[in-house]
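Worksheet: one structure, shown below.
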Amino acid sequence: MRLAMTLLGVLAMTTTRALDTDLRWDFSPPENVPETVAAQPTAVGAVRAEPAAGGARLEAAALRWNKDGLRFANGHAMGNDTGVFLRVPSLPVLTGHDRNGGGFTSLRLAVRVRLESLDRPQSLLRKTQFATETGYLLALSPDGQVRFAVGNWAGRAAVSSGDVRLTTGRWYEVKGIWEGGQLSLRVDGQPCGGQARLAGPLPPINGPLAIGAIDRGHKSTGQFLDGTLRWARIQGTFAEKPAGDQAMDPNTTLWGVPVRHMWFCPPCQWNTPSRGIPPLKGVCHAPLFEPEYADGAYNHHPEIIRHQGRFHAMWSNNMVGEDRAGQRILYTSTDDPTRWPAPRLLFPQPGDFFDQLHPATPEDANRLGFYMTAMKFLPLGDRLFAIASFDSTRRHLVPLARELKTDGSWGEIFALHAELDRTDEARFPFPFLRPTEEPYQSLAAELLKLYLTPRYLPSWDFGIERWFQRPKSVEGTTLCEWSIHRARDGKSVMLARDPRMSHRIYGGVSDSDDPNSFPPLDPTDIPDTPSKAVTLTLANGTVLLIGNQIAAEFDNIAKPTHYDRDPLTIAISPDGYRFERQVALRWEGGRLWRTECRKVPGRGAGCQYPAAMIDHGILYVIYSIGKEDIALSWVPLANLGVE
């Protein structure tokens, strides 16, 4: 099979008034070309035909010009993960960030399309960042409804065509419109469906534009179009960036959303040691794991507990990067926190290490892999259990538990619930018990109840979404890496990370300790690199916020970025609402990796992703250093000025 390709993406820019500029990008068939156009190397601004995962079945799909336009013959795509589509390199013109542009303030997506089949989701145009829910798309549902969605830092809004549904075999002109903050749809020039509102400009959207498919990058695709596309058009208006820096109202975000004031610490000084945050005195540090490349140079998700007088630590370990196939759980235990024995494998190896995002072989890109993530230690009376999320590289499967006995032995591995997919279970790389009979049925139920309390609720969403609704912001975006603490007044406070890299922590208050009871969270003025942070409530009501609470600026939508997670800090609040002091627990100041990041990607600099506990008046914090090493720091609470 030969894949078709055209280089006729057309860019036009016209000034309409002083601060508004129109951008337009057109895609249409070339004139006088043979039915099949040979593939060529991608050029800047070009449109490139891309095969998706499952190349062995691509004979069922085709991408060819005919007299009507470009035909996407993806009707026989197996499992919706095989087919062909067009990929347009990431261009500033496609997000309104061309030259002095500050992002689209209005947008029109339009296509002329004829469908050959339905009965499954299909994508027409899509340029989105899935982790941040930003971007735009025009898609079809299995029943022929059109869906138009736009997302930015202020949220995400979508409309559908309602009773107007496309059928096969006839031409339609479909148009999604976002103007004046209002979303609407038109089919063949007629308004249809509902309306929705979304304020603010579109941020830069990394990654390509996909025509005829969803495109998560690295050939992870789906929702292939089965039909013919005559033309596609993207047109938008952007407001030019103001000259110089624009002062922000400290009481609202850039989008006019009120800020919950919780941060009263002095601002950090970005170009000074430890960002100008006073170093905490009397801190002790100890390494737990300092691996070489062969040991697995990706180490993350550390957890610690002291149980029956003994320290226990575990973390995720991988040779190829974050949450990739083969990721496993390492564990070590000691009576003396200054000395930790070499770690052991807590659960059996979940398969081979291989990287679907950067596969060494085509087989690796297509085969199912398994990985594990360290979640929590759960004490149940005198017994202690380690909980790990057991997942495939395509979806989350089930949390697993294993008892850590006082004599150093380990118990049987069992699932925290029995709702497993039997077809997947047949392919699990090692056996474990389903809690359908005693004593594991009652034991799993007790552990699951404890697991979902604020104290032990994991900061990761792996495998818990069936019980816990991931927190939302007041703008409607999904937040992550949450922590819940009890304030001095008895109310519960949730703090969560904004994955959009606004560099704000979001916060909300509930009268209940039920994690699902929180209202949508407000943006706060607590800075965030962004990274995971944890909170601890002391007996006197003082709250410690431990993380990387540093940021150069808020709401920097023109240049969303991760700052180095350095230093690891502790912020102190007398009541759980006002954080008034901040100290640096550990400052690395530009530490280099032993294993270069090219070999093991997905690692950022600095001490990060802490877990913490208090035992006999001492604060213990475990964390990763550059997601390579695992280390522990501890300090008496008296050194923090709290008891």
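By order in the structure tokens, chains are A, B, ...; within a chain, residues start at 1; ligands start at 1, following the order shown.
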
Surrounding residues of Glu116 of chain A excluding itself and chain neighbours under 4 positions, 8 Å, only C-alpha atoms, as a VMD selection string: chain A and resid 75 168 to 169 226 to 228

Output file for the residues above (N, CA, C and O atoms, as a PDB file, in the first residue's frame):
```pdb
ATOM      1  N   GLY A  75     -12.533   1.846   7.243  1.00  0.00           N
ATOM      2  CA  GLY A  75     -13.720   1.147   7.710  1.00  0.00           C
ATOM      3  C   GLY A  75     -13.440  -0.177   8.369  1.00  0.00           C
ATOM      4  O   GLY A  75     -14.260  -0.684   9.130  1.00  0.00           O
ATOM      5  N   THR A 168     -24.348   8.290   6.076  1.00  0.00           N
ATOM      6  CA  THR A 168     -23.343   7.906   5.087  1.00  0.00           C
ATOM      7  C   THR A 168     -23.826   8.247   3.675  1.00  0.00           C
ATOM      8  O   THR A 168     -25.025   8.350   3.405  1.00  0.00           O
ATOM      9  N   GLY A 169     -22.857   8.431   2.784  1.00  0.00           N
ATOM     10  CA  GLY A 169     -23.154   8.530   1.372  1.00  0.00           C
ATOM     11  C   GLY A 169     -23.521   9.894   0.839  1.00  0.00           C
ATOM     12  O   GLY A 169     -23.801  10.029  -0.359  1.00  0.00           O
ATOM     13  N   ASP A 226     -13.570   7.373   8.398  1.00  0.00           N
ATOM     14  CA  ASP A 226     -13.868   6.478   7.284  1.00  0.00           C
ATOM     15  C   ASP A 226     -14.783   7.252   6.329  1.00  0.00           C
ATOM     16  O   ASP A 226     -15.998   7.270   6.494  1.00  0.00           O
ATOM     17  N   GLY A 227     -14.168   7.921   5.366  1.00  0.00           N
ATOM     18  CA  GLY A 227     -14.915   8.757   4.445  1.00  0.00           C
ATOM     19  C   GLY A 227     -13.982   9.586   3.600  1.00  0.00           C
ATOM     20  O   GLY A 227     -12.766   9.395   3.616  1.00  0.00           O
ATOM     21  N   THR A 228     -14.537  10.540   2.859  1.00  0.00           N
ATOM     22  CA  THR A 228     -13.756  11.383   1.960  1.00  0.00           C
ATOM     23  C   THR A 228     -13.832  12.828   2.433  1.00  0.00           C
ATOM     24  O   THR A 228     -14.915  13.332   2.755  1.00  0.00           O
TER      25      THR A 228
END
```

Proximity to Gln441 of chain A - best of A:Leu592, A:Leu416, A:Ser90, A:Met501, only C-alpha atoms: A:Leu416

Surrounding residues of segment 554-564 of chain A excluding itself and chain neighbours under 2 positions, 8 Å, only C-alpha atoms, as a list in words: Gly102, Trp153, Pro203, Pro204, Thr253, Leu254, Arg500, Met501, Ser502, His503, Arg504, Pro527, Thr529, Pro530, Ala551, Ala552, Asp566, Gly604, Ala605 and Gly606 of chain A

Point-to-point distance in Å for atom CA of Phe370 of chain A and atom CA of Pro431 of chain A: 13.2 Å

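Closest approach to Phe579 of chain A from the set A:Arg87, A:Arg339, A:Arg112, A:His261 is made by A:His261, with distances taken over only C-alpha atoms.
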
Who sits within 6 Å of segment 483-496 of chain A, only C-alpha atoms, same chain under 3 positions skipped, as a PyMOL selection string: chain A and resi 454+480+505-511+513+534+541+575-576

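Separating atom CA of Ala139 of chain A from atom CA of Pro201 of chain A is a distance of 21.5 Å.
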
Near-Val164 of chain A list (8 Å; only C-alpha atoms; drop same-chain fewer than 2 positions) as a PyMOL selection string: chain A and resi 145+161-162+166+187+192-193
